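> Structure incoming, see below.
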Amino acid sequence: GGVGTETGSAAASFGLSMGRVAGGEGEKAVVVADKAEAARKVRRSRVLKSASLAKVDPASDMEAGWSKRGKSNGLFRTLEIWIFFVKYIFAELRARKMPDGPDKREERKKLAAKLKNGLLRLGPTFVKLGQLLSTRVDVLPKEYIKELTVLQDRVPAFSGERSVRVIEEDLGKPIEDLFDSFDMVPIAAASLGQVHIGESKGRKVAVKVQRQDLRELFST
């Protein structure tokens with residue numbers, strides 16, 4: 001009985017000691033993990049430039065409309081396009097009947113802005129059309145050329161945070177493992193995507209990030 005008691009006490013003591021060791025190792029692992037996470041966040045903050053401006057997402061409403069149109073009925077989509085262009089053509093014909101002067105130029109500016117915004121609303125295919133028209137100085141009045149030129153590289157951009165998320169999801173790695181630095185504010189934005197400047201292995205690189213949900217829109 002005494003041997004059994006001593007053995008039991010020794011086992012209990014051994015188990016308690018192991019528990020302390022295991023508990024200590026667990027605590028050490030948590031501390032190491034916390035330090036690694038903190039180091040990763042510091043490294044990430046050094047890699048990402050202009051992070052304070054990256055939350056701005058001026059393209060969110062526009063792209064939400066594109067996504068909705070991409071999932072809409074094909075007939076509805078066709079009617080929307082025809083109605084927009086018919087209304088615009090009639091408005092332009094009325095403007096042409098106005099006498100030359102400040103009033104006509106002002107009306108043309110308003111129509112040009114409506115055309116640009118309408119093309120943005122209809123989607124990337126029509127943004128491309130606007131880009132093409134912006135080069136036709138032989139066809140369109142200067143008010144239209146000036147407004148449509150915006151579509152070349154100043155289409156509303158999506159947020160830098162979204163760009164980082166897309167890059168990380170597509171490439172399967174955190175941004176800090178892909179670039180030495182990455183500017184979250186794009187230098188240009190067009191119909192299909194936008195361009196960011198990064199640095200990798202000592203070289204500056206241009207990173208083009210594609211807009212999301214384009215496939216559904218092009219299929220309608």
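Residue numbering restarts at 1 in every chain; chains get A, B, ... in the order shown in the structure tokens, and ligands count up from 1 in that same order.
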Find the residues around region 199-201 of chain A up to 12 Å (only C-alpha atoms counted), leave out those fewer than 2 positions away in its own chain, and share them as a list in words.

Val47, Leu48, Lys49, Ile175, Glu176, Asp177, Leu178, Phe179, Asp180, Ser181, Phe182, Asp183, His196, Ile197, Arg203, Lys204, Val205, Ala206 and Val207 of chain A

> Determine, counting only C-alpha atoms, which protein, DNA and RNA residues have an atom within 10 Å of an atom of region 88-91 of chain A; residues of the same chain fewer than 5 positions away are not included. Present the result as number ranges by chain.

A: 82-83, 96, 107-108, 111-112, 114-115, 118

> If we count only C-alpha atoms and set the cut-off at 8 Å, which residues sit around Tyr144 (chain A), ignoring sequence neighbours fewer than 3 positions away in its own chain? Please answer as a ChimeraX atom specification.

/A:108-109,112-113,134,140-141,147-148

> Go ahead and compute the interatomic distance for CA of Lys87 (chain A) and CA of Val137 (chain A), in Å to one decimal.

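Those two atoms sit 22.9 Å apart.
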
> Expressed in Å to a single decimal, how great is the separation between CA of Asp138 (chain A) and CA of Pro156 (chain A)?

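Computing the Euclidean distance for CA of Asp138 (chain A) and CA of Pro156 (chain A) yields 27.3 Å.
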
> Could you find all residues in region 41-187 of chain A that DSSP calls helix (DSSP H, G or I) from the backbone, and write them as a PyMOL selection string?

chain A and resi 41-47+51-53+60-70+74-96+102-122+124-133+142-148+150-153+160-171+175-178

> Which is closer to Met184 (chain A) than all the others in A:Arg211, A:Arg165, A:Lys128, A:Gly202, using only C-alpha atoms?

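Smallest distance to Met184 (chain A) is found for A:Arg165.
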
> Grab the CA of Pro99 (chain A) to CA of Lys142 (chain A) distance for me, in Å with one decimal place.

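So the answer is 16.8 Å.
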